[in-house]
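A.B. asks: Take this structure first; my questions come after.
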Protein chains: 2
Amino acid sequence: MSIAGEMEVMAKKAKDASRAMAAASGAAKDAFLAAAAGLLTTRADEILAANATDIAKARAAGMDAPRLDRLTLTPAVMESMAAACHEIISLPDPVGAIEALRPRPNGLLVGRMRVPLGVICMVYESRPNVTIDAAILCLKAGNAVILKGGSEALASNMALAGLLREALAAAGLPEDAAQLVPVADRAAVAALCKLDELIDVMIPRGGEGLIRAVVSQATMPVLKHYKGVCHAYVDAGADEARAEAVVVNAKAQRPGVCNALECLLVHAAAAPTFLPRVGAALVRAGVTMRACPRALPLLGEGATPAAPEDFGQEFHDLILAVKVVDSMDEALTHIHRYGSNHTEVILTEDHGRAMDFLRRADASMVGINCSTRFNDGGELGLGAEIGISTSKLHSYGPMGLVELTSAKFVVLGQGQVRG
Amino acid sequence: MSIAGEMEVMAKKAKDASRAMAAASGAAKDAFLAAAAGLLTTRADEILAANATDIAKARAAGMDAPRLDRLTLTPAVMESMAAACHEIISLPDPVGAIEALRPRPNGLLVGRMRVPLGVICMVYESRPNVTIDAAILCLKAGNAVILKGGSEALASNMALAGLLREALAAAGLPEDAAQLVPVADRAAVAALCKLDELIDVMIPRGGEGLIRAVVSQATMPVLKHYKGVCHAYVDAGADEARAEAVVVNAKAQRPGVCNALECLLVHAAAAPTFLPRVGAALVRAGVTMRACPRALPLLGEGATPAAPEDFGQEFHDLILAVKVVDSMDEALTHIHRYGSNHTEVILTEDHGRAMDFLRRADASMVGINCSTRFNDGGELGLGAEIGISTSKLHSYGPMGLVELTSAKFVVLGQGQVRG
């Protein structure tokens, strides 16, 4: 059979399985999660052996150290996957809840019931633990999931998907609710992208190239974010000690992630006092700065002149772009031009400007007097997340269990007809 | 300039205008709507003259009568557009509302603020009144809108879009928040579909061919529905008088619309008494039936044998497919196979089966003991709608003002950093 034919068969099985998953009780789904956690512990050796074959192949092919590191499963990673299963057991089942059931003038009761999305297709790269972390969220939300991991992790992913299917069967749920694409072929992704009658949504996770490839080919909705170019704007009259702590935390606590700070904007009135102190604090945290001509002389030794491309850059590193602006309007114009709709924060003591920034900054999280690092499902109270959406359709921001569902209208009548 | 270049310039202007629209007060947006309503009245002659040139051209080109009818603006249609503006003034502004602002353990207040989607591109066919009806909803929800109507309505649409821009300027809002594609060229749609960094969502309205063309080319989310194949399942023990009234209303009140009934499923235990009476009532309402072999002898003269393709068919006419089933499970299996995720209803007096159907039927509206015709923004309490989504991402069901917005996380802190 052709790859396209195989993918269609797989998607049809997923669609059938999604019916049973949508009707499954929370207890059955939690029994699946408990079984999966158990298997990840008792059968860890089997998974690690499969992973060892992937690693051996990757080494032989000359894979570099950071990618090898992402590919490697360890007993600690195995434990974290089992822990993730237990964490998701503790989250309430979102499916079946009815919101805002209210009477219409004709006596109909109208509300919205949370329903699963249906069939979710995850396309991802090296890290094999995504196979578990993504699948268990999709499944608890009542969906079926098709998993397409990186070719370099195929043996590991096959072993992990096998455990998921065993755990589904143990809980009386259909095995085909979790299926892994068993071939390392890009044609598989292209074929999946065409099946919009069977697959409800694509979720690509990985580099910008992978995501753009899925977006350009998909005929169904895609949940994604390209990158996080996050800004902090320090307003005139901001509390400088607070602003310093926030800026250092946002940039230096974990510089490789998408909610780390990439660009600091400082009001001209605050710059003469704030930039020297924040510059020194950033240098102590190991950060180097790329500064506009007005900021440069105020920052000291840690700063060099910014090139135009330093603005709008996601450094993924201990590097920060810095610019002085004359007003909040100028800061917002800069953010609209260079931001990526991810996370924007203001440091201010002025209520009016705080409220104005909150309304006008165009990002999935807008914060007042807090670190950009809070744009995260756990920190915002959603529990585990499957990613952060920077497009505004369906979901904007971290996507947890509820964001992996939709809502249908339910209408409870007593024979009403339309007049 | 190439068409692609022109479309990019237009989309950039729309993106800029969308910033001002997002920050606009409800009062400014309502002033725009009032100005538009006024111009639609005072300048009706100008619009009708432009429409007359479209009609003359279409006649000369041999356009058929139903399409000519859809193309024609009358004083009554002009009044209905002005009335639509006033109706939308009466709806509350959705933008800026903050939902569920709640404290996290570290003292951060986390909530979600309603925000516009940004730039919406509407692609539609003959009816020029869509230019007004769609644009005013998008604009009140704080978006900018790009309008691409049918080539046969170009003069009418240009005149209507001109009024919208005049009304925007009168309210102090940017004219470029409403732009009409001024050329009758399919390449324009293809070019717009590629601008996912500037256009947030495509909303195609029209025939299935138009919608599929947009879905296959778009790189941004698409809000759409292909068709409405709506079912009613009459359970064993249903109240037959009530079921009869609902079935006749669902099929015959307005058979050409997407929430009209297309297929009646009747439990075998109800069939011997229910089918003869509903058959007679349907015949009185002018309906002909295409029946399965078990239903056929019970329906009388209005019924002929169903062909396989009669199931899953959207007749858009006074025709109804009828089938006898042995259980609710069989009805749900039929609905999953032939339904279009639009509207499904059950007629039953049994609480358990009612709740089970409510959970398991996979459609944007699921009803108990009510007509399928209630799947409509006005009837469900949303106010005016821009269409009914049958995909589950972003919105599932009628899309009103709120569905033309998204929600961003807002985080109110006092200097919190992440530990």
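Naming scheme: A, B, ... for chains in displayed order of the structure tokens; residues 1 onward per chain; ligands 1 onward as shown.
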Would you mind listing, for every residue of chain A within 6 Å of chain B, the two atoms forming the shortest contact and the distance between them in Å to one decimal, using only C-alpha atoms, sorted by chain and ascending residue number, as CSV?
C.D. replies:
```
residue,atom,partner,partner_atom,distance
A:Leu117,CA,B:Lys392,CA,5.9
A:Val215,CA,B:Thr219,CA,5.8
A:Ser216,CA,B:Thr219,CA,5.5
A:Thr219,CA,B:Ser216,CA,5.5
A:Pro221,CA,B:Pro221,CA,5.6
A:Arg242,CA,B:Gly415,CA,5.3
A:Val246,CA,B:Val417,CA,5.7
A:Ser364,CA,B:Lys408,CA,4.8
A:Met365,CA,B:Phe409,CA,4.5
A:Val366,CA,B:Val410,CA,5.0
A:Gly367,CA,B:Val411,CA,4.5
A:Ile368,CA,B:Leu412,CA,5.0
A:Asn369,CA,B:Gly415,CA,4.8
A:Cys370,CA,B:Gln416,CA,4.9
A:Ser371,CA,B:Val417,CA,5.2
A:Lys392,CA,B:Ser406,CA,5.8
A:Leu393,CA,B:His394,CA,5.3
A:His394,CA,B:His394,CA,3.1
A:Tyr396,CA,B:Lys408,CA,5.9
A:Ser406,CA,B:Lys392,CA,5.8
A:Lys408,CA,B:Ser364,CA,4.8
A:Phe409,CA,B:Met365,CA,4.5
A:Val410,CA,B:Val366,CA,5.0
A:Val411,CA,B:Gly367,CA,4.5
A:Leu412,CA,B:Ile368,CA,5.0
A:Gly413,CA,B:Asn369,CA,4.9
A:Gln414,CA,B:Asn369,CA,5.3
A:Gly415,CA,B:Asn369,CA,4.7
A:Gln416,CA,B:Cys370,CA,4.9
A:Val417,CA,B:Ser371,CA,5.2
```
A.B. asks: Mind checking DSSP for stretch 60-211 of chain A and telling me the strand (DSSP E or B) residues as a PyMOL selection string?
C.D. replies: chain A and resi 98-103+109-116+119-124+144-148+178-180+201-205
A.B. asks: Separation of atom CA of A:Lys57 and atom CA of A:Leu71, in Å?
C.D. replies: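 A separation of 11.3 Å between them.
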A.B. asks: Please return as a PyMOL selection string: the residues of stretch 72-239 of chain A that backbone DSSP assigns to alpha helix (DSSP H).
C.D. replies: chain A and resi 75-89+129-140+154-170+186-193+208-217
A.B. asks: What lies within 10 Å of B:Arg337 using only C-alpha atoms, ignoring chain neighbours under 4 positions off, as number ranges by chain?
C.D. replies: B: 311-312, 331-333
A.B. asks: Would you write out those residues with C-alpha atoms, as an mmCIF file, in the first residue's frame?
C.D. replies:
```cif
data_model
loop_
_atom_site.group_PDB
_atom_site.id
_atom_site.type_symbol
_atom_site.label_atom_id
_atom_site.label_comp_id
_atom_site.auth_asym_id
_atom_site.auth_seq_id
_atom_site.Cartn_x
_atom_site.Cartn_y
_atom_site.Cartn_z
ATOM 1 C CA PHE B 311 -28.367 9.189 2.901
ATOM 2 C CA GLY B 312 -25.784 11.894 3.585
ATOM 3 C CA ALA B 331 -28.916 5.704 14.865
ATOM 4 C CA LEU B 332 -25.664 7.174 16.225
ATOM 5 C CA THR B 333 -23.592 4.960 13.929
#
```
A.B. asks: So what do you get for atom CA of B:Thr53 versus atom CA of B:Thr72, distance-wise?
C.D. replies: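 Here the two named atoms are 10.6 Å from each other.
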A.B. asks: List the spatial neighbours of B:Ser156 as a list in words - criterion: any atom at most 10 Å away, only C-alpha atoms, same-chain residues fewer than 4 positions off excluded.
C.D. replies: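 These residues fall inside the cut-off: Glu46, Ile47, Leu48, Ala49, Ala50, Asn51, Ala52, Thr53, Asp54, Ile55, Leu71, Thr72, Leu73, Arg127, Pro128, Asn129, Thr131, Gly149, Glu152, Leu160, Ala161 and Gly162 of chain B.
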A.B. asks: Quick one: residues within 9 Å of A:Arg277, only C-alpha atoms counted, chain neighbours fewer than 4 positions away excluded, as a PDB file with N, CA and C atoms, in the first residue's frame?
C.D. replies:
```pdb
ATOM      1  N   GLU A 240      12.342  50.585  40.533  1.00  0.00           N
ATOM      2  CA  GLU A 240      13.536  50.080  39.851  1.00  0.00           C
ATOM      3  C   GLU A 240      14.053  48.775  40.438  1.00  0.00           C
ATOM      4  N   ALA A 241      13.916  48.580  41.729  1.00  0.00           N
ATOM      5  CA  ALA A 241      14.393  47.332  42.345  1.00  0.00           C
ATOM      6  C   ALA A 241      13.575  46.160  41.818  1.00  0.00           C
ATOM      7  N   GLU A 244      14.345  45.543  38.153  1.00  0.00           N
ATOM      8  CA  GLU A 244      15.632  44.845  37.997  1.00  0.00           C
ATOM      9  C   GLU A 244      15.452  43.347  38.234  1.00  0.00           C
ATOM     10  N   THR A 273      18.964  56.235  35.447  1.00  0.00           N
ATOM     11  CA  THR A 273      19.176  55.532  36.719  1.00  0.00           C
ATOM     12  C   THR A 273      19.009  54.026  36.577  1.00  0.00           C
ATOM     13  N   ALA A 281      23.523  44.207  37.105  1.00  0.00           N
ATOM     14  CA  ALA A 281      22.878  42.965  37.576  1.00  0.00           C
ATOM     15  C   ALA A 281      22.884  41.910  36.477  1.00  0.00           C
ATOM     16  N   LEU A 282      22.661  42.330  35.240  1.00  0.00           N
ATOM     17  CA  LEU A 282      22.650  41.375  34.120  1.00  0.00           C
ATOM     18  C   LEU A 282      24.054  40.801  33.898  1.00  0.00           C
ATOM     19  N   LEU A 299      25.103  51.441  29.974  1.00  0.00           N
ATOM     20  CA  LEU A 299      25.081  50.028  30.380  1.00  0.00           C
ATOM     21  C   LEU A 299      26.422  49.503  30.846  1.00  0.00           C
TER      22      LEU A 299
END
```
A.B. asks: Give me, as number ranges by chain, all polymer residues having an atom no more than 12 Å from A:Arg43, counting only C-alpha atoms and skipping those fewer than 5 positions away in the same chain.
C.D. replies: A: 35-38, 48-50, 75, 78-79, 82, 159-160, 162-164, 166
A.B. asks: Please produce a file of those selected residues containing C-alpha atoms, as a compact mmCIF listing (two decimals), in the first residue's frame.
C.D. replies:
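And here's out.txt as it stands now:
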```txt
# COMPACT_ATOMS: atom_id res chain seq x y z
CA ALA A 35 -1.73 1.66 33.74
CA ALA A 36 0.62 3.72 31.55
CA ALA A 37 2.48 5.01 34.62
CA GLY A 38 2.84 1.43 35.86
CA LEU A 48 15.80 2.04 27.42
CA ALA A 49 17.02 -0.87 25.25
CA ALA A 50 15.03 0.44 22.28
CA PRO A 75 15.86 6.39 34.23
CA MET A 78 11.36 7.54 32.47
CA GLU A 79 10.30 8.53 35.99
CA ALA A 82 5.34 8.23 34.83
CA ALA A 159 8.33 1.04 22.20
CA LEU A 160 6.63 3.95 24.02
CA GLY A 162 3.34 0.12 22.34
CA LEU A 163 3.08 0.79 26.09
CA LEU A 164 0.37 3.39 25.52
CA GLU A 166 -1.24 -1.78 26.13
```
